[in-house]
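A.B. asks: Take this structure, written in structure tokens, and hold onto it; I'll ask about it next.
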Amino acid sequence: MASVSPSSAVDPSGEPIPTSAVLMAASRHIGLRCEAENLEFLRCKKKDPNPEKCLDKGQQVTRCVLGLLKDLHQRCTKEMDGYVGCLYYYTNEFDLCRKEQQEFEKVCPLE
């Protein structure tokens, strides 16, 4: 079994690894790209606190986020891994990784 670097956003097969550093690095992209899915999930949770009632909405959010992570990693591998690695090293402290964030968002701008 191949080892996975904690600073990589994907495993050896190219599947996203949603660690806290990866999710933090992509958080602004997630907020934009998966906004509709997140809002539907939140509306469902507000309407019915029973967790089973919103499983499909939660799966839609997860599908959106994992698809986005895969897309970001394919389009800007080096910059995303650099930003993720910085966040991992500094325990998700955004302020210590602004340079890496700028490099990442320059290559993969917010859409």
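Chains: A, B, ... in order of the structure tokens. Residues: from 1 per chain. Ligands: from 1, in order shown.
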Do a neighbour search on stretch 94-107 of chain A at 10 Å with only C-alpha atoms, toss out local chain neighbours closer than 4 positions, and write the hits as a ChimeraX atom specification.
C.D. replies: /A:24-26,28-29,72,75-87,89-90
A.B. asks: With C-alpha atoms retained, export the selected residues as a JSON list (two decimals), in the first residue's frame.
C.D. replies:
[["chain", "number", "residue", "atom", "x", "y", "z"],
["A", 24, "MET", "CA", -9.77, 24.51, 4.85],
["A", 25, "ALA", "CA", -7.71, 25.16, 1.70],
["A", 26, "ALA", "CA", -10.78, 24.66, -0.50],
["A", 28, "ARG", "CA", -13.79, 29.46, -0.20],
["A", 29, "HIS", "CA", -14.24, 27.41, -3.37],
["A", 72, "LEU", "CA", -9.16, 21.69, -8.05],
["A", 75, "ARG", "CA", -6.28, 22.00, -12.36],
["A", 76, "CYS", "CA", -3.73, 23.25, -9.83],
["A", 77, "THR", "CA", -2.00, 20.28, -8.21],
["A", 78, "LYS", "CA", 1.24, 21.98, -7.17],
["A", 79, "GLU", "CA", -0.40, 25.10, -5.74],
["A", 80, "MET", "CA", -3.15, 23.21, -3.92],
["A", 81, "ASP", "CA", -0.68, 20.76, -2.40],
["A", 82, "GLY", "CA", 1.51, 23.69, -1.34],
["A", 83, "TYR", "CA", -1.40, 25.42, 0.37],
["A", 84, "VAL", "CA", -2.65, 22.19, 1.95],
["A", 85, "GLY", "CA", 0.87, 21.37, 3.16],
["A", 86, "CYS", "CA", 1.22, 24.79, 4.75],
["A", 87, "LEU", "CA", -2.15, 24.52, 6.49],
["A", 89, "TYR", "CA", 2.10, 22.17, 9.02],
["A", 90, "TYR", "CA", 0.66, 25.23, 10.78]]
A.B. asks: Calculated over only C-alpha atoms, which of the candidates A:Cys34, A:Glu15, A:Ala21, A:Arg63 has the smallest distance to A:Glu93?
C.D. replies: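 Closest to A:Glu93, using only C-alpha atoms: A:Ala21.
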A.B. asks: Between atom CA of A:Asp11 and atom CA of A:Leu55, what is the distance, to one decimal in Å?
C.D. replies: 25.8 Å
A.B. asks: If we count only C-alpha atoms and set the cut-off at 8 Å, which residues sit around A:Lys53, ignoring sequence neighbours fewer than 4 positions away in its own chain? Please answer as a list in words.
C.D. replies: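 With the cut-off at 8 Å, the set is Cys44, Asp48 and Pro49 of chain A.
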A.B. asks: Might you pull out every residue within 9 Å of A:Gln60, with only C-alpha atoms counted and same-chain residues fewer than 4 positions away left off, and present them as a ChimeraX atom specification?
C.D. replies: /A:37-38,41,55-56,64-65
A.B. asks: Taking only C-alpha atoms into account, which of A:Pro51, A:Gly58, A:Gly31, A:Gly14 comes nearest A:Gln74?
C.D. replies: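 Among A:Pro51, A:Gly58, A:Gly31, A:Gly14, it is A:Gly14 that comes nearest to A:Gln74.
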A.B. asks: Among chain A, which residues carry a DSSP assignment of helix (DSSP H, G or I), reported as a ChimeraX atom specification?
C.D. replies: /A:20-25,27-33,35-47,51-75,77-89,94-107
A.B. asks: Counting only C-alpha atoms, which of A:Thr91, A:Leu42, A:Leu68, A:Asn50 gets nearest to A:Ser27?
C.D. replies: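 Answer, going by the shortest atom-to-atom distance: A:Leu68.
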A.B. asks: Could you please determine the separation between atom CA of A:Ala36 and atom CA of A:Pro18 in Å, to one decimal place?
C.D. replies: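 Calculated distance between atom CA of A:Ala36 and atom CA of A:Pro18 is 19.9 Å.
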A.B. asks: Quick one: pull the distance between atom CA of A:Leu23 and atom CA of A:Val61, Å, one decimal.
C.D. replies: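 Answer for the atom CA of A:Leu23 to atom CA of A:Val61 separation: 13.0 Å.
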